[in-house]
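Below is entry_18.cif, holding mmCIF, C-alpha atoms and all ligand atoms.
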data_upload
loop_
_atom_site.label_atom_id
_atom_site.label_comp_id
_atom_site.auth_asym_id
_atom_site.auth_seq_id
_atom_site.Cartn_x
_atom_site.Cartn_y
_atom_site.Cartn_z
CA MET A 23 -42.52 -64.67 68.46
CA VAL A 24 -41.01 -66.96 65.85
CA VAL A 25 -43.12 -69.97 65.04
CA MET A 26 -41.07 -72.90 63.87
CA ILE A 27 -42.86 -74.99 61.33
CA ASP A 28 -41.61 -78.53 61.05
CA LEU A 29 -41.65 -79.03 57.32
CA PRO A 30 -40.80 -82.36 55.73
CA ALA A 31 -37.16 -82.77 54.81
CA ASN A 32 -36.18 -81.25 51.49
CA PRO A 33 -37.26 -83.58 48.72
CA LEU A 34 -34.49 -85.33 46.87
CA THR A 35 -34.60 -83.93 43.39
CA THR A 36 -32.36 -86.07 41.22
CA PRO A 37 -32.59 -89.75 40.33
CA ARG A 38 -29.01 -90.22 41.48
CA GLU A 39 -29.66 -88.71 44.94
CA ALA A 40 -32.80 -90.78 45.36
CA LEU A 41 -31.04 -94.01 44.41
CA ALA A 42 -28.17 -93.28 46.80
CA GLU A 43 -30.66 -92.68 49.64
CA LEU A 44 -32.48 -95.95 48.94
CA CYS A 45 -29.24 -97.93 48.81
CA ALA A 46 -28.04 -96.32 52.06
CA GLY A 47 -31.28 -97.36 53.75
CA ASN A 48 -30.94 -100.93 52.53
CA ASP A 49 -27.34 -100.99 53.76
CA ARG A 50 -28.59 -100.02 57.24
CA PHE A 51 -31.28 -102.71 57.10
CA VAL A 52 -28.76 -105.39 56.12
CA ALA A 53 -26.30 -104.28 58.80
CA GLY A 54 -28.97 -104.16 61.51
CA THR A 55 -28.40 -100.43 62.05
CA ARG A 56 -31.79 -99.04 61.02
CA ILE A 57 -32.55 -95.50 62.16
CA HIS A 58 -36.31 -95.61 61.39
CA PRO A 59 -36.40 -92.10 59.88
CA ASN A 60 -39.57 -90.05 59.50
CA GLN A 61 -41.76 -92.18 61.73
CA ASP A 62 -42.34 -89.71 64.60
CA ALA A 63 -45.51 -87.79 65.43
CA GLU A 64 -44.06 -84.42 64.39
CA HIS A 65 -43.17 -85.69 60.94
CA ARG A 66 -46.57 -87.31 60.59
CA ALA A 67 -48.29 -84.00 61.37
CA ALA A 68 -46.02 -82.03 59.02
CA LEU A 69 -46.88 -84.38 56.17
CA ALA A 70 -50.63 -84.15 56.58
CA SER A 71 -51.06 -81.61 53.78
CA VAL A 72 -48.12 -82.39 51.51
CA GLN A 73 -46.06 -85.33 50.31
CA ASN A 74 -42.75 -85.45 48.45
CA PRO A 75 -41.85 -89.12 48.12
CA PHE A 76 -38.40 -89.49 46.60
CA ALA A 77 -38.96 -92.91 45.05
CA VAL A 78 -41.71 -95.06 43.62
CA VAL A 79 -41.24 -98.67 44.66
CA PHE A 80 -43.18 -100.93 42.35
CA GLY A 81 -42.64 -104.35 43.84
CA CYS A 82 -44.03 -107.83 44.24
CA SER A 83 -46.78 -108.11 46.86
CA ASP A 84 -44.80 -110.79 48.72
CA SER A 85 -45.22 -110.25 52.48
CA ARG A 86 -41.45 -110.31 52.99
CA LEU A 87 -40.83 -107.34 50.72
CA ALA A 88 -42.17 -104.41 52.77
CA ALA A 89 -40.59 -101.34 51.15
CA GLU A 90 -40.33 -99.01 54.15
CA ILE A 91 -38.71 -101.76 56.22
CA ILE A 92 -36.12 -103.03 53.75
CA PHE A 93 -35.10 -99.48 52.73
CA ASP A 94 -35.30 -98.12 56.30
CA ARG A 95 -37.61 -95.23 55.44
CA GLY A 96 -40.72 -93.69 56.98
CA LEU A 97 -43.88 -91.76 56.21
CA GLY A 98 -43.88 -89.71 53.03
CA ASP A 99 -40.66 -91.20 51.64
CA LEU A 100 -41.82 -93.93 49.28
CA PHE A 101 -44.76 -94.15 46.89
CA VAL A 102 -45.45 -97.87 46.93
CA VAL A 103 -47.27 -99.85 44.25
CA ARG A 104 -47.38 -103.61 44.61
CA THR A 105 -48.90 -106.48 42.68
CA ALA A 106 -48.07 -110.19 42.73
CA GLY A 107 -45.02 -110.66 40.52
CA HIS A 108 -44.90 -106.86 39.88
CA THR A 109 -47.35 -107.37 37.04
CA ILE A 110 -48.42 -104.29 35.12
CA GLY A 111 -51.95 -103.14 34.29
CA PRO A 112 -53.58 -99.76 33.68
CA GLU A 113 -53.94 -98.94 37.39
CA VAL A 114 -50.26 -99.66 37.99
CA LEU A 115 -49.24 -97.41 35.09
CA GLY A 116 -51.62 -94.71 36.31
CA SER A 117 -50.25 -94.92 39.85
CA VAL A 118 -46.66 -94.62 38.64
CA GLU A 119 -47.60 -91.72 36.36
CA TYR A 120 -49.32 -89.96 39.28
CA ALA A 121 -46.13 -90.08 41.32
CA VAL A 122 -43.88 -89.02 38.46
CA SER A 123 -46.03 -86.28 36.94
CA ILE A 124 -47.94 -84.87 39.94
CA LEU A 125 -45.56 -85.53 42.83
CA HIS A 126 -42.39 -85.17 40.68
CA THR A 127 -40.87 -88.31 42.13
CA PRO A 128 -37.43 -88.70 40.51
CA LEU A 129 -36.95 -92.47 40.76
CA VAL A 130 -38.99 -95.57 39.95
CA VAL A 131 -37.75 -98.90 41.28
CA VAL A 132 -39.04 -102.27 40.09
CA LEU A 133 -38.48 -104.67 42.98
CA GLY A 134 -38.45 -108.42 42.44
CA HIS A 135 -37.04 -111.12 44.66
CA ASN A 136 -35.70 -114.66 44.80
CA SER A 137 -38.13 -117.58 45.13
CA CYS A 138 -41.00 -115.46 43.81
CA GLY A 139 -44.25 -117.41 44.07
CA ALA A 140 -45.90 -115.56 41.20
CA VAL A 141 -43.04 -116.28 38.81
CA THR A 142 -43.03 -119.89 40.03
CA ALA A 143 -46.75 -120.15 39.27
CA ALA A 144 -46.19 -118.73 35.78
CA ARG A 145 -43.31 -121.13 35.13
CA ASP A 146 -45.33 -124.13 36.36
CA ALA A 147 -48.34 -123.12 34.27
CA TYR A 148 -46.07 -123.01 31.23
CA LEU A 149 -44.33 -126.33 31.98
CA ASN A 150 -47.58 -128.15 32.78
CA ASP A 151 -49.62 -126.33 30.16
CA GLU A 152 -52.20 -125.75 32.86
CA PRO A 153 -53.24 -122.14 33.56
CA PRO A 154 -54.70 -121.42 37.01
CA SER A 155 -58.35 -120.58 37.47
CA GLY A 156 -59.88 -117.29 38.57
CA TYR A 157 -58.08 -113.99 38.48
CA LEU A 158 -54.79 -115.66 39.36
CA ARG A 159 -54.67 -116.41 35.67
CA ALA A 160 -54.31 -112.68 34.96
CA VAL A 161 -51.13 -112.63 37.06
CA VAL A 162 -49.74 -115.72 35.39
CA ASP A 163 -50.62 -114.44 31.92
CA ALA A 164 -48.85 -111.14 32.64
CA ILE A 165 -45.65 -112.99 33.63
CA ALA A 166 -45.90 -115.55 30.81
CA PRO A 167 -43.94 -113.47 28.23
CA SER A 168 -41.00 -113.34 30.67
CA VAL A 169 -41.17 -117.13 31.10
CA HIS A 170 -41.27 -117.59 27.33
CA LEU A 171 -38.22 -115.33 26.94
CA ALA A 172 -36.39 -117.33 29.61
CA MET A 173 -37.26 -120.66 28.03
CA ALA A 174 -36.11 -119.40 24.61
CA ASP A 175 -32.76 -118.55 26.26
CA HIS A 176 -32.66 -121.97 27.97
CA VAL A 177 -32.96 -120.31 31.36
CA ALA A 178 -34.51 -122.82 33.77
CA ASP A 179 -33.23 -121.36 37.04
CA LEU A 180 -36.09 -119.56 38.80
CA ASP A 181 -34.03 -116.64 40.12
CA ARG A 182 -32.51 -115.96 36.69
CA MET A 183 -36.07 -116.05 35.40
CA VAL A 184 -37.06 -113.47 38.03
CA THR A 185 -34.15 -111.26 36.95
CA LEU A 186 -35.32 -111.46 33.38
CA HIS A 187 -38.84 -110.61 34.51
CA ILE A 188 -37.57 -107.56 36.43
CA GLU A 189 -35.72 -106.37 33.31
CA ARG A 190 -38.81 -106.89 31.18
CA THR A 191 -40.98 -105.03 33.72
CA VAL A 192 -38.60 -102.05 33.55
CA ASP A 193 -38.79 -102.12 29.74
CA GLN A 194 -42.59 -102.31 29.92
CA LEU A 195 -42.86 -99.27 32.17
CA ARG A 196 -40.60 -97.27 29.88
CA SER A 197 -42.38 -98.30 26.68
CA GLU A 198 -46.01 -98.26 27.84
CA SER A 199 -46.00 -94.96 29.73
CA ASP A 200 -45.41 -91.89 27.56
CA THR A 201 -45.39 -89.78 30.72
CA LEU A 202 -42.57 -91.81 32.18
CA ALA A 203 -40.67 -91.90 28.88
CA ARG A 204 -40.80 -88.09 28.69
CA ALA A 205 -39.62 -87.71 32.29
CA ILE A 206 -36.71 -90.06 31.58
CA ALA A 207 -35.81 -88.21 28.36
CA ASP A 208 -35.83 -84.91 30.28
CA GLY A 209 -33.56 -86.35 32.98
CA ARG A 210 -36.24 -85.82 35.64
CA CYS A 211 -36.66 -89.50 36.43
CA SER A 212 -34.98 -92.85 36.00
CA VAL A 213 -36.18 -96.43 36.29
CA VAL A 214 -34.10 -99.03 38.08
CA GLY A 215 -34.67 -102.77 38.44
CA MET A 216 -33.68 -104.34 41.77
CA PHE A 217 -33.46 -107.94 42.94
CA TYR A 218 -34.02 -108.59 46.64
CA GLU A 219 -32.50 -111.55 48.49
CA LEU A 220 -35.02 -112.68 51.09
CA SER A 221 -32.53 -114.16 53.52
CA ALA A 222 -29.75 -111.56 53.31
CA GLY A 223 -32.15 -108.63 53.01
CA ARG A 224 -29.91 -107.15 50.35
CA VAL A 225 -31.07 -105.46 47.15
CA ARG A 226 -28.87 -105.36 44.08
CA ILE A 227 -29.43 -103.38 40.94
CA VAL A 228 -29.98 -105.57 37.90
CA THR A 229 -30.82 -102.90 35.33
CA GLY A 230 -30.74 -99.11 35.09
CA GLY A 231 -29.22 -96.86 37.74
ZN ZN A 301 -42.95 -112.41 44.43
#
Could you render the structure from this file as structure tokens?
Amino acid sequence: MVVMIDLPANPLTTPREALAELCAGNDRFVAGTRIHPNQDAEHRAALASVQNPFAVVFGCSDSRLAAEIIFDRGLGDLFVVRTAGHTIGPEVLGSVEYAVSILHTPLVVVLGHNSCGAVTAARDAYLNDEPPSGYLRAVVDAIAPSVHLAMADHVADLDRMVTLHIERTVDQLRSESDTLARAIADGRCSVVGMFYELSAGRVRIVTGG
């Protein structure tokens, strides 16, 4: 008797393949033709002892930016790390390094979006010279260098500021993680910055890719 084992789909092994798959999923989401892949009970069971996510999505925590929904993916597909304003700290870097070095995930996406509340808070703190209290200050302080860069370039528009912050976040990941830098140099991984339009549901690549 032949026992069929329902293994997870073959992992996508190149950054280019992974990016194409993500973009295809977002196209389906925008068009209203989602196929909800990898969300059935059989796939869930097959994944119980192994995972091969093909992309890390490091995005803003904003409730409208749910990775598996906007990229039309399911269980085991995306390794998701989220903080308000996609701000980077040691745990974020460690989480990304885990995916890249242990799970061999070939793509890291930094996902920002228009009308970002965290970037707005950082901009307002700068303009009013009034930092927020509590740990929210850590978020604002982490975004502050992007706001300073924007102001130096006379960029006042919030969404252009977000774009600049996405680009800076990509640079930070590359420069602060030796593990990631090595994977990029070896061609095993790439880092892409994406900007998400809340209303249209569309992502566009702003850097990398
Ligand atoms: Zn946000």
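Among the candidate residues A:Ser83, A:Ser197, A:Gln61, A:Thr191, the one lying nearest to Ile165 in chain A is A:Thr191, with distances computed using all atoms listed in the file.
In this model, the gap between CA of Ile57 in chain A and CA of Cys138 in chain A comes to 28.4 Å.
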Inset, instruction - Kindly indicate which residue among A:Val52, A:Val177, A:Cys82, A:Leu41 lies nearest to ligand ZN 301 (chain A), using all atoms listed in the file for the distances. - result: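 Ranking A:Val52, A:Val177, A:Cys82, A:Leu41 by distance to ligand ZN 301 (chain A), first place goes to A:Cys82.
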Which residues of chain A come within 6 Å of ligand ZN 301 (chain A), and what is each one's closest atom pair and distance in Å (one decimal), counting all atoms listed in the file, sorted by chain and residue number, as CSV?
residue,atom,partner,partner_atom,distance
A:Cys82,CA,A:ZN301,ZN,4.7
A:Asp84,CA,A:ZN301,ZN,4.9
A:Ala106,CA,A:ZN301,ZN,5.8
A:Gly107,CA,A:ZN301,ZN,4.8
A:Cys138,CA,A:ZN301,ZN,3.7
A:Gly139,CA,A:ZN301,ZN,5.2
A:Ala140,CA,A:ZN301,ZN,5.4
Inset, instruction - Please measure the separation of CA of Tyr218 in chain A and CA of Ala46 in chain A, giving the value in Å to one decimal. - result: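 Taking CA of Tyr218 in chain A as the start and CA of Ala46 in chain A as the end point, the length is 14.7 Å.
The nearest approach to His135 in chain A among the residues A:Gly47, A:Gly223, A:Pro154, A:Gly116, with only C-alpha atoms taken into account, belongs to A:Gly223.
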Legend entry - Glu39 in chain A environment, 12 Å, all atoms listed in the file, sequence neighbours closer than 5 positions dropped, as a PyMOL selection string: chain A and resi 32-34+44-46+76-77+127-129+210-212+231
Inset, instruction - Find the spatial neighbours of Ala147 in chain A, counting all atoms listed in the file, within a cut-off of 9 Å - ignore same-chain residues fewer than 5 positions away - and output them as a list of chain:residue names. - result: A:Thr142, A:Glu152, A:Pro153, A:Pro154, A:Val162, A:Ala166
Inset, instruction - Would you mind telling me which residue in A:Val103, A:Ala222, A:Leu180, A:Ile188 lies nearest to Arg86 in chain A when using only C-alpha atoms? - result: A:Ala222
Inset, instruction - Would you please work out which residue, of A:Val213, A:Leu97, A:Met173, A:Val122, is nearest to Pro59 in chain A when using only C-alpha atoms? - result: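 Answer, going by the shortest atom-to-atom distance: A:Leu97.
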Legend entry - Shell of 9 Å around Val169 in chain A, all atoms listed in the file, local chain residues under 5 positions omitted, as a ChimeraX atom specification: /A:141,144-145,148,174,177,183-184,186-187
Legend entry - Residue with smallest distance to Leu133 in chain A - pool A:Ala205, A:Ile92, A:Ala68, A:Ala172, counting all atoms listed in the file: A:Ile92
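Separating CA of Gly156 in chain A from CA of Ala143 in chain A is a distance of 13.5 Å.
Those DNA, RNA and protein residues that approach the point (-49.3, -100.0, 42.7) to within 7 Å, considering only C-alpha atoms, are A:Phe80, A:Val102, A:Val103, A:Arg104, A:Thr105, A:Val114, A:Ser117.
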